[in-house]
Amino acid sequence: MGLIVAENITKDYQIGEVTVRALKGASFDIEPSSFVSFVGPSGSGKTTLLNLIGCLDKPSAGRLLVAGMDVSSFGKRDSAIFRGKNIGFIFQDFNLIPVLTVFENIEYPLLMVQNASPGERKKRVMSLLDAVGMTEQKDKYPDQISGGQKQRVAVARALVTNPKLVLADEPTANLDHKTAYMVIELMKRMRNDFQTTFIFSTHDQKIVGEAEILYVLEDGELVSKHMKGGENHA
Amino acid sequence: MRNLFKIAIRNLRRYKRRTLLTASLIAIGVIFVLVFVSVSGSFKNMIISQITGSMLGDMEIHRKGYVASIDNLPLTLMLNSQQVEKAEGAIKKIPEIEAYSPRIKFGGLFSNFVETTNIRLNGVYPDMEMKTLPLLASRIIEGEKAIKKGEIIIPELLARGMKVKVGDMVVVIATNKDGSVNGKQLKVGGILESATGPGGRDGYLHLEDTVEILRMEEQEISEIAIKLYDFGKLNKVANRLDADLGKYMNKQDKPIFEVHTWETLSPFYNIARMIDMMTLFIKIMLIAIVLISIMNVMIMAVYERIREIGTIAAIGTLPGKILSMFVMEGFSLGVLGAVVGNVIGVVIVYVLDLAKITFDFGRQTGLVLSPTLQVSDILVVSIIVIIVAVLGSLQPALKASRMEPIVALRHV
């Protein structure tokens, strides 16, 4: 069984009296330790899909299993607990907490979500700081580091709890091409080192090729699946 | 908890100017309350100590019905010797009572052999009265600070009006309860400073002289004034005394005695209550200041950090922890304002105390204001500020904790 199993999921939004279908019966299966990208133009449903997988939203119809759990039945608190345990997030705008240092930002999920011991927190954070090459910047605040460095910190924060899955919504949108490429490389390396599944959305054609599995979305429909060096499905 | 506190402090430092303004507002409120409480409390306590320490005593025992007719100083509602014995027995059983003084109060005529006027007098045992009213001696502004047999201490207004000096001979004439009139020649032993309140313009003479003037075959007493070691135990002692004396009934099966604290005997109690009421209103104003300023600042904090709230919620922070983060911020702001306000307030009160500001109250002039703060005042104000700060941050914190992460993350 895959880490993520989506069966015919749809998502409707009510905007005034109009119902907008953002996702139209998407079905897919993502295996553990995959490096997957959802691509498509703006409004194609990438973020909606990532929000559903990340238990930030619920499908209007269909069945969605993440790590063997039917996440569509979760309440708010259950969702938060599930996310804290199983999912790491990387955001387009980095979303680091400005009043916390680099070290403290990475430490935050261990401290405030998982209540890890001080020794464990320090060991884990230092190891990730080293992995993302930010050890020397550990005492700096987010406004004292560059965009690329911020995203590296965000990657470390997403991985610090040993999640099964890391979701990154347009993680390179606010970065220049060179830095974007480096961040994707870092994510790939982290996948190899930690065996964590990475799913990211992008509409940047230059980094699309870095994904091992590529799902193409158009107008809320999954139109094709491409596997690097493998078969393609329409 | 330590980490929540750390994040709260850093968030407060993040918006330095806003934090400073809000904390200043709270501090000003705290300063205002502390200065008002100390100054009004000092005034109130000074007047109460004047009233209880130089005129009334902390409480008094009378025969039932006496206080209702106290303006007439009735000689028909006195305590006889057996009743006085019972009252003294009850007084001696209460260790909180420091001293007591039996008095005969009566109205009479005062003559300097040229003019005659009316006078209200207290016949007392000097030693007992001085122990019960420790400030009485300080009111004797001319003559020896004592009440001797054959002498009378007269109020200064009377002395001035009748042109009487210390050492002059005068006559006091009074009608006893049987209606017979008697007089006695007395020497003016002292002039008594007038004071505001009941008994503030009464004269004093020895109780044995009073018995003679009123031709009492058996000594009777109008009232017994009582002084306590600890004024704070006033109500407790009054209740006990009331209970102990309440068992003595007259032939009609009605209580013989009545016990009154200074509060029911002096009209200043109404002023004291008004001061307490004003203090309460000032505290309510402080609550409003803290509540509005904390709510305002926390609502702004939540609004400005919606995406941040979305991020920490997405990461898996439980709603309760998000709530605690913002409540902790409000709490810290309240503590900051309270600490700053308390420090400045204490300094201002100390300076006011050093300044020895004087004021007049009624006939009393040159009273020195000596404001002091009790630890309990500081604690009460601090607790009010902190509780209100927490309450003020609760609504914005609840709003933050109930935010849907997906909505918060979309916020621009």
# chains A, B, ... in the order shown; residues from 1 in each chain; ligands from 1

$ interface_residues --of "chain B" --to "chain A" --cutoff "6 Å" --atoms "only C-alpha atoms" --output "list in words"
Arg10, Ile315, Gly316, Thr317 and Ile406 of chain B

$ residues_around --residues "Glu136 (chain A)" --least-positions-apart "6" --cutoff "10 Å" --atoms "only C-alpha atoms" --output "JSON, numbers by chain"
{"A": [102, 129, 130]}

$ write_last_selection --atoms "C-alpha atoms" --output "mmCIF file, in the first residue's frame"
data_model
loop_
_atom_site.group_PDB
_atom_site.id
_atom_site.type_symbol
_atom_site.label_atom_id
_atom_site.label_comp_id
_atom_site.auth_asym_id
_atom_site.auth_seq_id
_atom_site.Cartn_x
_atom_site.Cartn_y
_atom_site.Cartn_z
ATOM 1 C CA VAL A 102 17.632 29.671 13.003
ATOM 2 C CA LEU A 129 21.772 22.294 10.698
ATOM 3 C CA ASP A 130 24.818 20.385 9.563
#

$ residues_around --residues "Thr196 (chain A)" --least-positions-apart "5" --cutoff "6 Å" --atoms "only C-alpha atoms" --output "PyMOL selection string"
chain A and resi 33+164-165+191

$ write_last_selection --atoms "N, CA and C atoms" --output "PDB file, in the first residue's frame"
ATOM      1  N   SER A  33       9.256   7.292   0.310  1.00  0.00           N
ATOM      2  CA  SER A  33      10.578   7.744  -0.157  1.00  0.00           C
ATOM      3  C   SER A  33      10.579   8.253  -1.598  1.00  0.00           C
ATOM      4  N   LYS A 164       7.006  11.333   7.890  1.00  0.00           N
ATOM      5  CA  LYS A 164       6.947  10.371   6.786  1.00  0.00           C
ATOM      6  C   LYS A 164       6.914  11.117   5.460  1.00  0.00           C
ATOM      7  N   LEU A 165       6.430  12.358   5.547  1.00  0.00           N
ATOM      8  CA  LEU A 165       6.138  13.092   4.329  1.00  0.00           C
ATOM      9  C   LEU A 165       6.466  14.578   4.506  1.00  0.00           C
ATOM     10  N   ARG A 191      15.901  13.598   1.036  1.00  0.00           N
ATOM     11  CA  ARG A 191      15.093  12.401   0.775  1.00  0.00           C
ATOM     12  C   ARG A 191      15.993  11.158   0.827  1.00  0.00           C
TER      13      ARG A 191
END

$ residues_around --residues "Leu158 (chain B)" --least-positions-apart "5" --cutoff "10 Å" --atoms "only C-alpha atoms" --output "list of chain:residue names"
B:Phe110, B:Thr117, B:Asn118, B:Ile119, B:Lys163, B:Val164, B:Ile191, B:Leu192, B:Ser194, B:Arg201, B:Asp202, B:Gly203

$ write_last_selection --atoms "C-alpha atoms" --output "PDB file, in the first residue's frame"
ATOM      1  CA  PHE B 110     -20.805  77.256  82.031  1.00  0.00           C
ATOM      2  CA  THR B 117     -23.340  79.626  78.103  1.00  0.00           C
ATOM      3  CA  ASN B 118     -24.081  75.951  77.561  1.00  0.00           C
ATOM      4  CA  ILE B 119     -21.440  73.232  77.575  1.00  0.00           C
ATOM      5  CA  LYS B 163     -12.447  85.090  77.523  1.00  0.00           C
ATOM      6  CA  VAL B 164     -11.386  82.421  79.979  1.00  0.00           C
ATOM      7  CA  ILE B 191      -7.722  74.485  76.912  1.00  0.00           C
ATOM      8  CA  LEU B 192      -8.680  71.762  74.493  1.00  0.00           C
ATOM      9  CA  SER B 194     -11.441  71.613  68.878  1.00  0.00           C
ATOM     10  CA  ARG B 201     -16.114  70.439  71.278  1.00  0.00           C
ATOM     11  CA  ASP B 202     -16.781  68.753  74.641  1.00  0.00           C
ATOM     12  CA  GLY B 203     -15.034  69.664  77.849  1.00  0.00           C
TER      13      GLY B 203
END

$ residues_around --residues "Ala168 (chain A)" --least-positions-apart "5" --cutoff "12 Å" --atoms "only C-alpha atoms" --output "PyMOL selection string"
chain A and resi 35-38+46-47+49-51+53-54+87-95+151+154-155+158-159+173+183-184+187+197-202

$ write_last_selection --atoms "C-alpha atoms" --output "PDB file, in the first residue's frame"
ATOM      1  CA  PHE A  35      10.349  12.546  -4.820  1.00  0.00           C
ATOM      2  CA  VAL A  36       7.172  13.756  -6.423  1.00  0.00           C
ATOM      3  CA  SER A  37       6.116  16.992  -8.049  1.00  0.00           C
ATOM      4  CA  PHE A  38       2.702  18.295  -8.982  1.00  0.00           C
ATOM      5  CA  LYS A  46      -1.785  22.044  -7.053  1.00  0.00           C
ATOM      6  CA  THR A  47      -2.111  23.905  -3.760  1.00  0.00           C
ATOM      7  CA  LEU A  49      -4.181  18.949  -3.588  1.00  0.00           C
ATOM      8  CA  LEU A  50      -1.229  19.633  -1.283  1.00  0.00           C
ATOM      9  CA  ASN A  51      -3.571  21.107   1.334  1.00  0.00           C
ATOM     10  CA  ILE A  53      -2.641  15.660   1.525  1.00  0.00           C
ATOM     11  CA  GLY A  54      -1.321  17.864   4.329  1.00  0.00           C
ATOM     12  CA  ILE A  87       4.044  15.739   7.949  1.00  0.00           C
ATOM     13  CA  GLY A  88       6.618  18.449   7.449  1.00  0.00           C
ATOM     14  CA  PHE A  89       5.812  21.661   5.578  1.00  0.00           C
ATOM     15  CA  ILE A  90       7.927  23.937   3.406  1.00  0.00           C
ATOM     16  CA  PHE A  91       6.262  27.153   2.327  1.00  0.00           C
ATOM     17  CA  GLN A  92       6.757  29.427  -0.626  1.00  0.00           C
ATOM     18  CA  ASP A  93       7.462  32.416   1.679  1.00  0.00           C
ATOM     19  CA  PHE A  94       9.591  30.291   4.026  1.00  0.00           C
ATOM     20  CA  ASN A  95       7.296  31.218   6.943  1.00  0.00           C
ATOM     21  CA  GLN A 151      14.463  27.912   2.666  1.00  0.00           C
ATOM     22  CA  ALA A 154      12.594  25.617   6.388  1.00  0.00           C
ATOM     23  CA  VAL A 155      13.715  22.274   4.936  1.00  0.00           C
ATOM     24  CA  ALA A 158      10.232  20.245   8.034  1.00  0.00           C
ATOM     25  CA  LEU A 159      12.537  17.273   8.588  1.00  0.00           C
ATOM     26  CA  ALA A 173       8.876  30.550  -6.215  1.00  0.00           C
ATOM     27  CA  VAL A 183      17.061  23.962  -2.650  1.00  0.00           C
ATOM     28  CA  ILE A 184      15.590  21.196  -4.835  1.00  0.00           C
ATOM     29  CA  MET A 187      15.452  18.330  -0.738  1.00  0.00           C
ATOM     30  CA  THR A 197       8.769  11.306   0.869  1.00  0.00           C
ATOM     31  CA  PHE A 198       8.965  14.772  -0.679  1.00  0.00           C
ATOM     32  CA  ILE A 199       6.022  16.197  -2.580  1.00  0.00           C
ATOM     33  CA  PHE A 200       6.345  19.633  -4.042  1.00  0.00           C
ATOM     34  CA  SER A 201       4.285  21.747  -6.327  1.00  0.00           C
ATOM     35  CA  THR A 202       5.743  24.074  -8.904  1.00  0.00           C
TER      36      THR A 202
END

$ select_by_dssp --residues "region 75-280 of chain B" --states "strand (DSSP E)" --output "PyMOL selection string"
chain B and resi 97-111+116-124+140-143+151-155+169-175+181-192+203-206+223-228+257-261

$ residues_around --residues "Leu23 (chain A)" --least-positions-apart "2" --cutoff "8 Å" --atoms "only C-alpha atoms" --output "list in words"
Ile9, Thr10, Lys11, Asp12, Arg21, Gly25, Ala26, Gly45, Thr48, Leu49, Asp219, Gly220 and Glu221 of chain A

$ write_last_selection --atoms "N, CA and C atoms" --output "PDB file, in the first residue's frame"
ATOM      1  N   ILE A   9     -10.721  11.858  -5.573  1.00  0.00           N
ATOM      2  CA  ILE A   9     -11.034  12.969  -4.653  1.00  0.00           C
ATOM      3  C   ILE A   9     -11.374  14.254  -5.426  1.00  0.00           C
ATOM      4  N   THR A  10     -12.393  14.885  -4.881  1.00  0.00           N
ATOM      5  CA  THR A  10     -12.803  16.177  -5.456  1.00  0.00           C
ATOM      6  C   THR A  10     -12.831  17.212  -4.329  1.00  0.00           C
ATOM      7  N   LYS A  11     -12.667  18.456  -4.735  1.00  0.00           N
ATOM      8  CA  LYS A  11     -12.765  19.525  -3.741  1.00  0.00           C
ATOM      9  C   LYS A  11     -13.546  20.690  -4.340  1.00  0.00           C
ATOM     10  N   ASP A  12     -14.624  21.029  -3.642  1.00  0.00           N
ATOM     11  CA  ASP A  12     -15.464  22.146  -4.095  1.00  0.00           C
ATOM     12  C   ASP A  12     -15.311  23.316  -3.133  1.00  0.00           C
ATOM     13  N   ARG A  21     -15.358  23.942  -8.514  1.00  0.00           N
ATOM     14  CA  ARG A  21     -14.712  22.643  -8.297  1.00  0.00           C
ATOM     15  C   ARG A  21     -13.228  22.802  -8.583  1.00  0.00           C
ATOM     16  N   GLY A  25     -11.987  14.716  -9.165  1.00  0.00           N
ATOM     17  CA  GLY A  25     -11.819  13.262  -9.162  1.00  0.00           C
ATOM     18  C   GLY A  25     -10.394  12.785  -9.376  1.00  0.00           C
ATOM     19  N   ALA A  26      -9.470  13.306  -8.597  1.00  0.00           N
ATOM     20  CA  ALA A  26      -8.064  12.903  -8.756  1.00  0.00           C
ATOM     21  C   ALA A  26      -7.806  11.579  -8.044  1.00  0.00           C
ATOM     22  N   GLY A  45      -4.977  23.544  -9.359  1.00  0.00           N
ATOM     23  CA  GLY A  45      -5.378  22.695  -8.233  1.00  0.00           C
ATOM     24  C   GLY A  45      -4.206  22.120  -7.460  1.00  0.00           C
ATOM     25  N   THR A  48      -4.428  23.128  -3.731  1.00  0.00           N
ATOM     26  CA  THR A  48      -5.588  22.438  -3.148  1.00  0.00           C
ATOM     27  C   THR A  48      -5.223  20.992  -2.817  1.00  0.00           C
ATOM     28  N   LEU A  49      -4.554  20.345  -3.774  1.00  0.00           N
ATOM     29  CA  LEU A  49      -4.181  18.949  -3.588  1.00  0.00           C
ATOM     30  C   LEU A  49      -3.197  18.792  -2.427  1.00  0.00           C
ATOM     31  N   ASP A 219      -6.720  22.432 -14.778  1.00  0.00           N
ATOM     32  CA  ASP A 219      -8.125  22.723 -14.417  1.00  0.00           C
ATOM     33  C   ASP A 219      -8.685  21.730 -13.401  1.00  0.00           C
ATOM     34  N   GLY A 220      -7.877  21.384 -12.411  1.00  0.00           N
ATOM     35  CA  GLY A 220      -8.347  20.513 -11.336  1.00  0.00           C
ATOM     36  C   GLY A 220      -8.323  19.039 -11.683  1.00  0.00           C
ATOM     37  N   GLU A 221      -7.783  18.696 -12.822  1.00  0.00           N
ATOM     38  CA  GLU A 221      -7.737  17.273 -13.206  1.00  0.00           C
ATOM     39  C   GLU A 221      -6.299  16.827 -13.349  1.00  0.00           C
TER      40      GLU A 221
END

$ residues_around --residues "region 348-364 of chain B" --least-positions-apart "3" --cutoff "7 Å" --atoms "only C-alpha atoms" --output "ChimeraX atom specification"
/B:35,194-196,344-345,367-372

$ write_last_selection --atoms "N, CA and C atoms" --output "PDB file, in the first residue's frame"
ATOM      1  N   VAL B  35      -1.109  56.079  44.075  1.00  0.00           N
ATOM      2  CA  VAL B  35      -0.993  57.399  44.716  1.00  0.00           C
ATOM      3  C   VAL B  35      -2.326  57.769  45.365  1.00  0.00           C
ATOM      4  N   SER B 194     -10.197  72.164  69.436  1.00  0.00           N
ATOM      5  CA  SER B 194     -11.441  71.613  68.878  1.00  0.00           C
ATOM      6  C   SER B 194     -11.111  70.585  67.810  1.00  0.00           C
ATOM      7  N   ALA B 195     -11.993  69.638  67.670  1.00  0.00           N
ATOM      8  CA  ALA B 195     -11.793  68.618  66.636  1.00  0.00           C
ATOM      9  C   ALA B 195     -13.102  68.410  65.910  1.00  0.00           C
ATOM     10  N   THR B 196     -12.984  67.924  64.676  1.00  0.00           N
ATOM     11  CA  THR B 196     -14.187  67.692  63.887  1.00  0.00           C
ATOM     12  C   THR B 196     -14.813  66.362  64.302  1.00  0.00           C
ATOM     13  N   ILE B 344       7.368  53.092  40.090  1.00  0.00           N
ATOM     14  CA  ILE B 344       7.223  54.558  40.029  1.00  0.00           C
ATOM     15  C   ILE B 344       6.235  55.036  41.106  1.00  0.00           C
ATOM     16  N   GLY B 345       5.139  54.282  41.266  1.00  0.00           N
ATOM     17  CA  GLY B 345       4.128  54.640  42.267  1.00  0.00           C
ATOM     18  C   GLY B 345       4.719  54.699  43.668  1.00  0.00           C
ATOM     19  N   LEU B 367      -2.634  69.542  59.464  1.00  0.00           N
ATOM     20  CA  LEU B 367      -2.469  68.078  59.510  1.00  0.00           C
ATOM     21  C   LEU B 367      -1.450  67.682  58.445  1.00  0.00           C
ATOM     22  N   VAL B 368      -0.505  66.847  58.823  1.00  0.00           N
ATOM     23  CA  VAL B 368       0.554  66.463  57.877  1.00  0.00           C
ATOM     24  C   VAL B 368       0.144  65.171  57.160  1.00  0.00           C
ATOM     25  N   LEU B 369       0.170  65.268  55.842  1.00  0.00           N
ATOM     26  CA  LEU B 369      -0.186  64.103  55.025  1.00  0.00           C
ATOM     27  C   LEU B 369       1.017  63.168  54.988  1.00  0.00           C
ATOM     28  N   SER B 370       0.814  61.953  55.418  1.00  0.00           N
ATOM     29  CA  SER B 370       1.953  61.017  55.337  1.00  0.00           C
ATOM     30  C   SER B 370       1.496  59.745  54.626  1.00  0.00           C
ATOM     31  N   PRO B 371       1.413  59.833  53.281  1.00  0.00           N
ATOM     32  CA  PRO B 371       0.916  58.675  52.537  1.00  0.00           C
ATOM     33  C   PRO B 371       1.854  57.475  52.649  1.00  0.00           C
ATOM     34  N   THR B 372       1.274  56.341  52.869  1.00  0.00           N
ATOM     35  CA  THR B 372       2.074  55.108  52.908  1.00  0.00           C
ATOM     36  C   THR B 372       1.356  54.061  52.077  1.00  0.00           C
TER      37      THR B 372
END

$ atom_distance --atom1 "CA of Thr101 (chain A)" --atom2 "CA of Arg121 (chain A)"
14.5 Å

$ select_by_dssp --residues "region 161-221 of chain A" --states "alpha helix (DSSP H)" --output "VMD selection string"
chain A and resid 177 to 194 205 to 208

$ atom_distance --atom1 "CA of Leu4 (chain B)" --atom2 "CA of Glu329 (chain B)"
8.5 Å

$ atom_distance --atom1 "CA of Ile140 (chain B)" --atom2 "CA of Tyr204 (chain B)"
10.6 Å
